[in-house]
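Student: Once you've had a glance at the structure underneath, I'll fire off some questions.
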Amino acid sequence: MVKRVKPAVVTVTSKNAFGLKDGEGSGFFITQNQVVTNYHVIEGASGISIMLNDSSEFPAKHILAQDSALDIAILEIDIPAKRHVTVLPLKTVLPEQGEKIYVVGSPLGFEQSVSDGIVSSVRVIKEYGTGKLIQFTAAISHGNSGSPLLDVNGNVLGVARLTLHGGQNLNFAVPSDVVKSLKIGTPIPFAATTKMYDGVMMKISDAFKVDTSLLGEPPAQFSQYDKNIWRIKTAAIRKNWDTNIVNGMMNRIIRAVKRIYDNFDINKDTLRMGQASAVIHESLGENSDGENFSPENKQKLAYIRAEMALYAARLAIRGKATPVGGVASVLNGSGQGQVWHDFKKDGEYYLVTMADTSTITDLDIAVFYKDGNEWKAVACNTDNEPHSYVYFTAPESGEYAIIWRVAKFTGTAKEGIFSSVFLRE
């Protein structure tokens, strides 16, 4: 039975406005070109691709039917008619308690994984809608969302939806009769890859521009000492310090280099931008006067900084993540702000951003790294909301550009406050 049904099960990958992988789940064919999955797997996606069991990939054309409350969606797949696919039959009779079941899907990206168990119960959980859910014991993980719940004959009893943590094997599936009841109507397009920024409709990927003026790459002909001094001055400018003040305090700054980094030879060793930033912080601190903000904005900044610091501290105390950086500032004019930050290769990072909702209605974020001579996005969040969250695994060690872009200010506001904290898992 498992050998027979596996070709019908696919991996469903959602993509964001930059064409980056934005999430992964499972699904299965119910006709030659229709795939069933969970709504939350494809929610907000700008595109969807499915991967078959032979690793071939095909795009989804659009959504044929969806129900966000029941967490079910049916996709139409752009697959050639000559390409035969295996389809699974839907069994609309609810299973018996204790009945043997199997799940086939892609937990944590491990495609075509099989687990087995029994039906624990069929029940209604008010927090997850008014319909019945099938409770089962077969192991599922992130990536199993949309997997078929199968009986011993390979009929689909339901669609794996969620796990309740804090217990043992408390897994739930949407019954197949829900899929059967979905009405195929006018095709629903995926999320737009364009958006209004500063009153102009544009491609989202074009709305974020990396400003390389403070990248930290000194002229090649400089001596190692001059390159290090150049990076120190660049780090100081990033922190709003005037060049004349920095020049006058250079002896103090150099002493801070020796104090922070043991055995560092400023004439021979390379001071990275992250290190230069730490030196400025140690020797000069933050230049809040250089920010030139109004008293009202300074008060808002102090509040939002405190809120984000408290949030980061709570995560650190619970052992969930380690804070590695952050920023709080005012966005105005074109509504774009940028900072540089060091991330380590293969590190898993979370960036959590909160906007002052009295002035910002919709705030987007994107993270870029330099791949050769090209700046490539590694993560983004362009949902229509004032707060944003991104997660990514850093492909390389080095400085990344983090860009915030206001898509919409509140009412007649022309500027707004935001704060962001950077966390490593």
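Going through the structure tokens in order, the chains are called A, B, and so on, while each chain numbers its residues from 1 and the ligands are numbered from 1 in the order shown.
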Can you pull out every residue within 9 Å of A:Val93, counting only C-alpha atoms, but drop anything in the same chain fewer than 5 positions away, and send it as number ranges by chain?
Tutor: A: 157, 175-177
Student: Write out as a count of residues only all residues of stretch 30-276 of chain A that DSSP puts in strand (DSSP E or B) for this structure's backbone.
Tutor: 77
Student: Excluding A:Asn267 and residues on its chain fewer than 4 positions from it, collect all residues at most 10 Å away from it, counting only C-alpha atoms, and give them as a list in words.
Tutor: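 Once the nearby chain positions are removed, what remains is Ser223, Gln224, Tyr225, Asp226, Lys227, Asn228 and Ile229 of chain A.
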Student: Only N, CA and C atoms, please: the residues just picked out, written as a short mmCIF file (atom, residue, chain, number, x, y, z; two decimals), in the first residue's frame.
Tutor:
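The file below, out-v6.cif, is the result:
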data_model
loop_
_atom_site.label_atom_id
_atom_site.label_comp_id
_atom_site.auth_asym_id
_atom_site.auth_seq_id
_atom_site.Cartn_x
_atom_site.Cartn_y
_atom_site.Cartn_z
N SER A 223 47.22 51.10 3.44
CA SER A 223 47.97 50.19 4.30
C SER A 223 46.99 49.51 5.26
N GLN A 224 47.43 48.45 5.93
CA GLN A 224 46.53 47.75 6.85
C GLN A 224 46.08 48.67 7.98
N TYR A 225 46.98 49.52 8.46
CA TYR A 225 46.63 50.48 9.51
C TYR A 225 45.54 51.42 9.02
N ASP A 226 45.74 51.99 7.81
CA ASP A 226 44.77 52.95 7.28
C ASP A 226 43.41 52.28 7.00
N LYS A 227 43.44 51.00 6.59
CA LYS A 227 42.18 50.28 6.37
C LYS A 227 41.41 50.13 7.68
N ASN A 228 42.14 49.83 8.76
CA ASN A 228 41.49 49.68 10.06
C ASN A 228 40.92 51.01 10.55
N ILE A 229 41.69 52.10 10.36
CA ILE A 229 41.19 53.42 10.75
C ILE A 229 39.98 53.79 9.91
#
Student: Neighbouring residues of A:Thr361 were defined as those with any atom within 7 Å, considering only C-alpha atoms; residues of the same chain fewer than 5 positions away were excluded. Please report them as a count of residues only.
Tutor: 5
Student: Do a neighbour search on stretch 387-391 of chain A at 7 Å with only C-alpha atoms, toss out local chain neighbours closer than 3 positions, and write the hits as a PyMOL selection string.
Tutor: chain A and resi 349-355+363-365+379-381
Student: Could those residues be written to a file, using C-alpha atoms, as an mmCIF file, in the first residue's frame?
Tutor:
data_model
loop_
_atom_site.group_PDB
_atom_site.id
_atom_site.type_symbol
_atom_site.label_atom_id
_atom_site.label_comp_id
_atom_site.auth_asym_id
_atom_site.auth_seq_id
_atom_site.Cartn_x
_atom_site.Cartn_y
_atom_site.Cartn_z
ATOM 1 C CA TYR A 349 18.546 34.041 12.978
ATOM 2 C CA TYR A 350 15.242 35.697 13.823
ATOM 3 C CA LEU A 351 14.561 39.389 13.211
ATOM 4 C CA VAL A 352 11.508 40.716 15.045
ATOM 5 C CA THR A 353 10.303 44.230 14.226
ATOM 6 C CA MET A 354 7.675 46.357 15.936
ATOM 7 C CA ALA A 355 6.358 49.656 14.582
ATOM 8 C CA LEU A 363 6.146 48.003 7.575
ATOM 9 C CA ASP A 364 8.163 45.552 5.455
ATOM 10 C CA ILE A 365 11.652 44.118 5.954
ATOM 11 C CA ALA A 379 14.729 36.697 3.735
ATOM 12 C CA CYS A 380 11.807 39.111 3.632
ATOM 13 C CA ASN A 381 8.402 39.835 5.098
#
Student: To test your reading of the structure, identify every residue in stretch 115-342 of chain A that backbone DSSP assigns to alpha helix (DSSP H), and report it as a count of residues only.
Tutor: 72
Student: Which residues, written as a PyMOL selection string, have at least one atom at most 12 Å from A:Asp198, with only C-alpha atoms counted and residues fewer than 4 positions away on the same chain left out?
Tutor: chain A and resi 202+207+332-336+362-363+405-409+413-415
Student: Excluding stretch 101-104 of chain A and its own-chain neighbours fewer than 4 positions away, which residues fall within 9 Å of it when counting only C-alpha atoms? Please give them as a PyMOL selection string.
Tutor: chain A and resi 2+5-6+9+26+111-119+136-140+144+147-152+154+157+160
Student: What gap, in Å, lies between atom CA of A:Leu331 and atom CA of A:Ile360?
Tutor: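 Taking atom CA of A:Leu331 and atom CA of A:Ile360, their separation equals 9.3 Å.
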Student: May I ask which of the residues A:Ser120, A:Thr357, A:Thr393, A:Ala81 is the closest one to A:Glu99, counting only C-alpha atoms?
Tutor: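 Selected residue with least distance to A:Glu99: A:Ser120.
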